Amino acid sequence: MSLRIYNTLSRQTEPLTPLESGLVRMYVCGMTIYDLCHIGHARMMMAFDVVQRWLKASGYQVTYVRNITDIDDKIIKRAVERGISIRTLTDEMIAAMHEDVAKLGIEPPTLEPRATEYVPQMLSLIGQLQDKGLAYQSSNGDVNYAVRQFPGYGKLSGKSLDDLRAGERVAVADGKDDPLDFVLWKSAKAAEPEDAKWDSAYGKGRPGWHIECSAMSCATLGETFDIHGGGADLQFPHHENEIAQSEGATGKPLANFWVHNGFVRVDNEKMSKSLGNFFTIREVLAKYKAEAVRFFLVRTHYRTALNYSDVHLDDANQALNRLYTALSLVPPAEVAIDWTQPYAARFKAAMDEDFGTPEAIAVLFDLAGEVNRTRSAALAGLLKALGGCLGLLQLNPAEFLQAGATLDEVTIQALIVERANAKAAKNFQEADRIRQDLLRQGIVLKDAATGTTWEAVS
């Protein structure tokens, strides 16, 4: 079965047919860098890390572009508050982001363009839109996009112009011909620092958020590419506006697939800095192992909302312990994945259906159970190799299991039963091995006439 992906634009799951055989070009809207990244940001980057990994595992070359927005109202405000230049602030936050996501095993994109490096391309695109009657300069100096002049506006979000008019809140003083229009170039304000201003044919100013991504994606991937991704909150207005800008200028589709990941929620509300209900990646990693956090983010389907809580992270850690425990029972053999092997075939079928990580991880647990029963080095190697497709199970099992965590009770009781079965079969070597494995992980078994009990020791 070929890889199928849910396309927000068509609202259908469709087979992936790259524009260029064997190569997938993907653009994902990245971070606005003014503070540390939180776990909601990690969810977005993790979702497309899995996409990138599976595309490569499927034999594709991937050009993955994830931009950085390094000029924005919030960035300017934070730099002024701290009394530092915009570049100093953004360099600091970019370095922090790279450090945090590397700990989660998120692979870097092929390219990571910064918006401030593409201002000439943005101004060129604005000029094209103006020449086509899709942009105009207002009395306040801003350059705006004329939404009603683009016939396809609303096709991604499913919003009609009438729906949008019903919710409009823009005042005439904003200088727009129509309340639905959005800014392409922001005229400089006297109070803004000089490093937030660029010279242009429209006067000093800076780009609007939406035009940044249109210019960067076109410059790095071409006028049309395979996949455009980002968080579900970007579907409207950001991605809708990108389509209007890019397709308005070129007359070509911007991307063949639009892919959006679900929110991380806290108490049934989207995690966000504006609501103050966020946890930075660093805060979470101070409490939980990095791979447990990765497992927590990966095991839910990327399009599904994810509920954040300590309970869910504890459960993810215990689940990952069970997989590593299977790998600790027998050294995994080095194996190349044979996709016709039944477990591998099930894993592939799950991932090929819109990156179905929940079903793929269920295969890992089934395979771990088989490793526990058979002590097969080849199956242990397959477990490790399949886990690697998701960025999991690549650590030394002993080191992972000893790294500040104990086995959960379900796993311990299962191993006690395995040991009892081994003793009943007079396989005392195996029974002793299980006892020693548990002892190595801080679990002491106590045999008595009434059965075996255990206790954890430090």
# chains A, B, ... in the order shown; residues from 1 in each chain; ligands from 1
$ select_by_dssp --residues "stretch 131-315 of chain A" --states "strand (DSSP E or B)" --output "PyMOL selection string"
chain A and resi 135-137+143-145+182-187+198+205-207+225-231+255-261+264-266+269-270+280+306-307
$ residues_around --residues "stretch 342-352 of chain A" --least-positions-apart "3" --cutoff "7 Å" --atoms "only C-alpha atoms" --output "VMD selection string"
chain A and resid 2 to 4 338 to 339 355 to 357 359 to 360 363 367
$ residues_around --residues "stretch 311-320 of chain A" --least-positions-apart "5" --cutoff "7 Å" --atoms "only C-alpha atoms" --output "PyMOL selection string"
chain A and resi 292-293+295-296+407-408
$ residues_around --residues "stretch 59-73 of chain A" --least-positions-apart "3" --cutoff "6 Å" --atoms "only C-alpha atoms" --output "MDAnalysis selection string"
chainID A and resid 22:33 55:56 76 109:115
$ write_last_selection --atoms "C-alpha atoms" --output "JSON list (two decimals), in the first residue's frame"
[["chain", "number", "residue", "atom", "x", "y", "z"],
["A", 22, "GLY", "CA", 11.62, 10.07, -5.17],
["A", 23, "LEU", "CA", 11.81, 13.57, -3.62],
["A", 24, "VAL", "CA", 9.36, 15.16, -1.16],
["A", 25, "ARG", "CA", 9.57, 18.90, -0.58],
["A", 26, "MET", "CA", 7.93, 20.00, 2.69],
["A", 27, "TYR", "CA", 7.54, 23.41, 4.33],
["A", 28, "VAL", "CA", 6.41, 23.74, 7.96],
["A", 29, "CYS", "CA", 5.66, 27.01, 9.74],
["A", 30, "GLY", "CA", 8.08, 27.19, 12.66],
["A", 31, "MET", "CA", 8.53, 29.25, 15.78],
["A", 32, "THR", "CA", 8.13, 32.96, 16.47],
["A", 33, "ILE", "CA", 11.25, 33.30, 18.58],
["A", 55, "LEU", "CA", 9.16, 9.60, 4.42],
["A", 56, "LYS", "CA", 12.85, 8.69, 4.61],
["A", 76, "ILE", "CA", 10.25, 43.81, 19.33],
["A", 109, "PRO", "CA", 15.18, 20.36, 9.11],
["A", 110, "THR", "CA", 17.15, 20.49, 5.88],
["A", 111, "LEU", "CA", 16.86, 24.29, 5.87],
["A", 112, "GLU", "CA", 15.85, 26.72, 8.62],
["A", 113, "PRO", "CA", 15.44, 30.15, 7.01],
["A", 114, "ARG", "CA", 15.08, 33.24, 9.18],
["A", 115, "ALA", "CA", 12.48, 35.78, 8.05]]
$ closest_residue --among "A:Leu327, A:Ser139, A:Pro207, A:Glu92" --to "A:Gly175" --atoms "only C-alpha atoms"
A:Ser139
$ closest_residue --among "A:Leu164, A:Leu438, A:Leu364, A:Ala188" --to "A:Leu415" --atoms "only C-alpha atoms"
A:Leu438
$ residues_around --residues "A:Asp91" --least-positions-apart "2" --cutoff "12 Å" --atoms "only C-alpha atoms" --output "MDAnalysis selection string"
chainID A and resid 33:36 68:71 75 79 84:89 93:98 114
$ atom_distance --atom1 "atom CA of A:Val50" --atom2 "atom CA of A:Lys289"
19.0 Å
$ residues_around --residues "A:Gln137" --least-positions-apart "5" --cutoff "10 Å" --atoms "only C-alpha atoms" --output "PDB file with C-alpha atoms, in the first residue's frame"
ATOM      1  CA  GLN A 130       0.402  45.124  -6.390  1.00  0.00           C
ATOM      2  CA  ASP A 142       0.740  49.996   5.335  1.00  0.00           C
ATOM      3  CA  VAL A 143       0.474  47.788   2.264  1.00  0.00           C
ATOM      4  CA  ASN A 144      -2.561  45.496   2.434  1.00  0.00           C
ATOM      5  CA  TYR A 145      -3.827  42.476   0.527  1.00  0.00           C
ATOM      6  CA  GLY A 175      -6.538  52.240   6.799  1.00  0.00           C
ATOM      7  CA  LYS A 176      -7.987  49.224   5.008  1.00  0.00           C
ATOM      8  CA  ASP A 177     -10.332  49.417   2.048  1.00  0.00           C
ATOM      9  CA  VAL A 183      -1.294  43.619   6.067  1.00  0.00           C
ATOM     10  CA  LEU A 184       1.641  42.715   3.822  1.00  0.00           C
ATOM     11  CA  TRP A 185       4.008  45.528   4.832  1.00  0.00           C
ATOM     12  CA  SER A 187       4.769  51.060   8.003  1.00  0.00           C
ATOM     13  CA  TYR A 202       6.686  51.859   0.395  1.00  0.00           C
TER      14      TYR A 202
END
$ closest_residue --among "A:Arg282, A:Arg294, A:Lys287, A:Arg148" --to "A:Gly248" --atoms "only C-alpha atoms"
A:Arg148
$ closest_atom_pairs --of "stretch 247-345 of chain A" --to "stretch 213-218 of chain A" --cutoff "12 Å" --atoms "only C-alpha atoms" --output "tab-separated table"
residue	atom	partner	partner_atom	distance
A:Glu247	CA	A:Ser214	CA	9.4
A:Gly248	CA	A:Ser214	CA	10.9
A:Ala249	CA	A:Ser214	CA	10.0
A:Thr250	CA	A:Cys218	CA	10.1
A:Lys252	CA	A:Cys218	CA	11.4
A:Pro253	CA	A:Cys218	CA	11.4
A:Leu254	CA	A:Cys218	CA	8.4
A:Ala255	CA	A:Ser217	CA	9.9
